[in-house]
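Asks: The structure follows.
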Amino acid sequence: MQASTLAALKELALQCARSAGELSLKRMKEPFTVEYKTSASDLVTAVDKEVENHVIQMILARFPDHGILGEESAHVEDYKQYDTLWVIDPIDGTTNFVHQQINFSVSIAVYHKGEGMVGAVYDPSRDELFYAVKGEGAFLNDRPLQVNREVSLEQALLCTSVFWNKRAEQIGIDLIVKKLAGKVRGMRLLGSAALEMAYVAAGRLDGYVSMQLNAWDFGAARIIVEEAGGRVTTMTGTPLPYDQKSSVMACNPTFYEELQQFLKSEHTDVPSQN
Ligand code: 2AM
Ligand code: CA
């Protein structure tokens, strides 16, 4: 990809992330409708849909021949026909948006022929923009990010997204998380996967694990963690897809192998959850 094209993609991705974040903050202060998707713990608001449409319009106004895979419009068209694909989540952490009014983010990624080129995760309530461009490093509001602390699994502060429902119990996620929490220094659950992974890039957390995330939850943050020197794979160590659900493991490389071995020894069926 030409340097000028990459620069244009970066500029638009950052503009979209900021603009979407500002719109969701503004709408948060007004009344909005909340609907259930599949259950009372799976929410979508009118703001998610409005913000996604706003981002789609910004992208297509500039690049009408690009494809879009967005959480609220994932069913709309066959995105596979496009070389350049924008993978977007207008609000990652919708439950936090509704209840806490903090700890939610916008996630915007650009993939070219399946390869991550630009990732932007914006936290509008703290005005923190995490972003990365392939080969150019990762940044938080223009400050370079680097995962460089030497840390063992026992010294690590980890984070995870878990749904405490029947299915999680059937798979045994609750037990894995419990065992992992007993092994590491601490375990956090913030409720926005994109933000949690961006915090790994920023060194605020040492690692993030999830048994199942959607492509728009990890699409941008994965590029940011990798550009910050972190390692991101599925829980079994295979490369992450760019357009499918997957388990995710994103961490400081110094304890990646140790974490992988621990997960393997605790749960041998992990592959079936990818
Ligand atoms: P969302 O807010 O965009 O739905 C913790 O809840 C994290 O998991 C959030 O990033 C959330 O994204 C995501 N999430 C919520 N429900 C999910 C589901 N059914 N499958 C995968 N990820 C989900
Ligand atoms: Ca979302």
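Starting from 1 in every chain, residues are counted up; chains themselves are A, B, ... following the order of the structure tokens, and ligands are numbered from 1 as listed.
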Write down as number ranges by chain the residues belonging to range 115-227 of chain A that are assigned strand (DSSP E) by DSSP computed on the backbone.
Replies: A: 115-123, 128-133, 137-140, 143-145, 157-160, 186-188, 207-213
Asks: Give me a file of those residues, with N, CA and C atoms, as a tab-separated table (two decimals), in the first residue's frame.
Replies:
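Output file part.tsv is given in full below:
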```
chain	number	residue	atom	x	y	z
A	115	GLU	N	-5.24	-7.74	6.07
A	115	GLU	CA	-4.12	-7.32	6.93
A	115	GLU	C	-4.47	-6.00	7.63
A	116	GLY	N	-4.24	-5.95	8.93
A	116	GLY	CA	-4.58	-4.75	9.71
A	116	GLY	C	-3.65	-3.59	9.36
A	117	MET	N	-4.22	-2.47	8.93
A	117	MET	CA	-3.41	-1.30	8.53
A	117	MET	C	-3.49	-0.17	9.56
A	118	VAL	N	-4.71	0.10	10.05
A	118	VAL	CA	-4.90	1.19	11.00
A	118	VAL	C	-5.90	0.74	12.05
A	119	GLY	N	-5.63	1.09	13.31
A	119	GLY	CA	-6.59	0.80	14.38
A	119	GLY	C	-6.74	2.03	15.26
A	120	ALA	N	-7.98	2.37	15.63
A	120	ALA	CA	-8.21	3.51	16.52
A	120	ALA	C	-9.27	3.13	17.54
A	121	VAL	N	-8.96	3.34	18.81
A	121	VAL	CA	-9.92	3.11	19.90
A	121	VAL	C	-10.01	4.41	20.67
A	122	TYR	N	-11.20	4.99	20.71
A	122	TYR	CA	-11.34	6.30	21.36
A	122	TYR	C	-12.28	6.19	22.57
A	123	ASP	N	-11.79	6.67	23.70
A	123	ASP	CA	-12.59	6.73	24.93
A	123	ASP	C	-13.03	8.18	25.10
A	128	GLU	N	-9.33	10.04	25.46
A	128	GLU	CA	-8.10	9.27	25.18
A	128	GLU	C	-8.25	8.55	23.85
A	129	LEU	N	-7.37	8.89	22.92
A	129	LEU	CA	-7.38	8.24	21.61
A	129	LEU	C	-6.15	7.33	21.48
A	130	PHE	N	-6.40	6.04	21.46
A	130	PHE	CA	-5.34	5.04	21.26
A	130	PHE	C	-5.35	4.71	19.77
A	131	TYR	N	-4.21	4.72	19.10
A	131	TYR	CA	-4.22	4.34	17.69
A	131	TYR	C	-2.88	3.78	17.25
A	132	ALA	N	-2.92	3.11	16.11
A	132	ALA	CA	-1.68	2.54	15.55
A	132	ALA	C	-1.82	2.47	14.04
A	133	VAL	N	-0.69	2.58	13.37
A	133	VAL	CA	-0.62	2.38	11.92
A	133	VAL	C	0.43	1.30	11.70
A	137	GLY	N	4.06	2.15	14.62
A	137	GLY	CA	3.95	2.21	16.08
A	137	GLY	C	2.56	2.55	16.58
A	138	ALA	N	2.44	2.53	17.93
A	138	ALA	CA	1.15	2.78	18.58
A	138	ALA	C	1.27	4.03	19.44
A	139	PHE	N	0.15	4.72	19.61
A	139	PHE	CA	0.16	6.01	20.30
A	139	PHE	C	-1.08	6.18	21.17
A	140	LEU	N	-0.92	6.98	22.22
A	140	LEU	CA	-2.07	7.44	23.01
A	140	LEU	C	-2.02	8.95	22.98
A	143	ARG	N	1.31	10.26	22.14
A	143	ARG	CA	2.45	9.78	22.94
A	143	ARG	C	2.71	8.32	22.53
A	144	PRO	N	3.95	7.96	22.15
A	144	PRO	CA	4.22	6.57	21.73
A	144	PRO	C	3.99	5.56	22.86
A	145	LEU	N	3.45	4.41	22.50
A	145	LEU	CA	3.18	3.34	23.49
A	145	LEU	C	4.12	2.17	23.22
A	157	LEU	N	-1.13	-8.10	35.93
A	157	LEU	CA	-2.50	-7.66	36.15
A	157	LEU	C	-3.26	-7.96	34.86
A	158	LEU	N	-4.19	-8.90	34.93
A	158	LEU	CA	-4.89	-9.35	33.73
A	158	LEU	C	-6.32	-8.81	33.70
A	159	CYS	N	-6.92	-8.97	32.55
A	159	CYS	CA	-8.27	-8.48	32.37
A	159	CYS	C	-9.01	-9.46	31.47
A	160	THR	N	-10.31	-9.58	31.65
A	160	THR	CA	-11.08	-10.51	30.81
A	160	THR	C	-12.50	-10.03	30.63
A	186	GLY	N	-3.67	-9.90	39.85
A	186	GLY	CA	-5.04	-9.40	39.96
A	186	GLY	C	-5.77	-9.56	38.65
A	187	MET	N	-7.09	-9.54	38.75
A	187	MET	CA	-7.93	-9.73	37.57
A	187	MET	C	-8.96	-8.61	37.53
A	188	ARG	N	-9.12	-7.97	36.40
A	188	ARG	CA	-10.07	-6.87	36.25
A	188	ARG	C	-11.10	-7.19	35.17
A	207	GLY	N	-2.23	-8.05	30.41
A	207	GLY	CA	-2.77	-9.01	29.45
A	207	GLY	C	-4.28	-9.03	29.47
A	208	TYR	N	-4.83	-9.55	28.37
A	208	TYR	CA	-6.29	-9.63	28.22
A	208	TYR	C	-6.64	-10.99	27.63
A	209	VAL	N	-7.64	-11.67	28.18
A	209	VAL	CA	-8.09	-12.93	27.58
A	209	VAL	C	-9.62	-12.95	27.48
A	210	SER	N	-10.10	-13.55	26.40
A	210	SER	CA	-11.54	-13.73	26.25
A	210	SER	C	-11.80	-15.00	25.46
A	211	MET	N	-12.79	-15.76	25.88
A	211	MET	CA	-13.13	-17.00	25.17
A	211	MET	C	-13.82	-16.70	23.85
A	212	GLN	N	-14.54	-15.58	23.77
A	212	GLN	CA	-15.21	-15.28	22.52
A	212	GLN	C	-15.50	-13.79	22.36
A	213	LEU	N	-15.00	-13.23	21.27
A	213	LEU	CA	-15.29	-11.83	20.95
A	213	LEU	C	-15.69	-11.75	19.49
```
Asks: Could you list the protein, DNA and RNA residues that have any atom within 10 Å of ligand 1, counting only C-alpha atoms and all ligand atoms, and write them as a PyMOL selection string?
Replies: chain A and resi 37-39+41-44+48+71-72+88-97+104-107+160-163+189-197+210-218+245-247
Asks: Run DSSP on the backbone and grab whatever in range 137-265 of chain A lands in helix (DSSP H, G or I); send it over as a PyMOL selection string.
Replies: chain A and resi 153-155+166-171+173-183+193-201+215-227+253-265
Asks: Any idea what's packed within 12 Å of Glu77 in chain A, counting only C-alpha atoms, ignoring anything in its chain fewer than 5 positions away? Could you give it as a VMD selection string?
Replies: chain A and resid 67 to 70 82
Asks: Output N, CA, C and O atoms for every residue in that selection, as a compact mmCIF listing (two decimals), in the first residue's frame.
Replies:
```txt
# COMPACT_ATOMS: atom_id res chain seq x y z
N GLY A 67 -15.42 -1.46 1.77
CA GLY A 67 -16.45 -2.24 2.45
C GLY A 67 -16.48 -1.91 3.94
O GLY A 67 -15.51 -1.39 4.49
N ILE A 68 -17.62 -2.24 4.57
CA ILE A 68 -17.76 -1.96 5.99
C ILE A 68 -18.39 -3.15 6.70
O ILE A 68 -19.41 -3.69 6.26
N LEU A 69 -17.73 -3.58 7.79
CA LEU A 69 -18.28 -4.62 8.65
C LEU A 69 -18.51 -3.96 10.01
O LEU A 69 -17.56 -3.67 10.74
N GLY A 70 -19.78 -3.65 10.30
CA GLY A 70 -20.08 -2.93 11.53
C GLY A 70 -21.01 -3.74 12.40
O GLY A 70 -21.83 -4.51 11.89
N TYR A 82 -14.80 -6.69 -1.03
CA TYR A 82 -13.97 -5.48 -0.99
C TYR A 82 -12.53 -5.79 -0.58
O TYR A 82 -12.32 -6.55 0.36
```
Asks: Residues near Asn252 in chain A, anyone? I mean within 9 Å using only C-alpha atoms, not counting same-chain ones fewer than 2 positions away, as a list in words.
Replies: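 Contacts, with the query itself left out: Val147, Asn148, Arg149, Glu150, Val151, Val200, Ala201, Gly203, Asp206, Gly207, Val225, Gly229, Gly230, Arg231, Ala250, Thr254, Phe255 and Tyr256 of chain A.
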Asks: Provide the CA of Asp83 in chain A to CA of Leu60 in chain A distance in Å, to one decimal place.
Replies: 14.4 Å
Asks: State, in Å with one decimal place, the distance from CA of Ile224 in chain A to CA of His75 in chain A.
Replies: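 Straight-line distance from CA of Ile224 in chain A to CA of His75 in chain A works out to 26.6 Å.
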Asks: Considering only C-alpha atoms, state which residue in the set A:Val55, A:Ala40, A:Ala74, A:Leu240 is at the smallest distance from Gly21 in chain A.
Replies: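 Smallest distance to Gly21 in chain A is found for A:Val55.
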Asks: Need the shell around Met1 in chain A: protein/DNA/RNA residues with any atom at most 12 Å away, counting only C-alpha atoms. Skip same-chain ones fewer than 4 positions apart. Format as a PyMOL selection string?
Replies: chain A and resi 5-9+83-84+111-113+115-117+134-135
Asks: Using Å and a single decimal, report how far CA of Arg18 in chain A sits from CA of Thr45 in chain A.
Replies: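 Those two atoms sit 19.4 Å apart.
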Asks: With only C-alpha atoms and all ligand atoms as the atoms that count, which of A:Val51, A:Ile171, A:Ser265, A:Arg27 lies nearest to ligand 2?
Replies: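 So, comparing all the options, the nearest one is A:Val51.
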Asks: With distances taken over only C-alpha atoms and all ligand atoms, which of A:Ser73, A:Gln244, A:Gln81, A:Thr236 is nearest to ligand 2?
Replies: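 Nearest to ligand 2: A:Ser73.
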Asks: With distances taken over only C-alpha atoms and all ligand atoms, which residue among A:Asp174, A:Glu52, A:Glu35, A:Glu11 lies nearest ligand 2?
Replies: A:Glu52
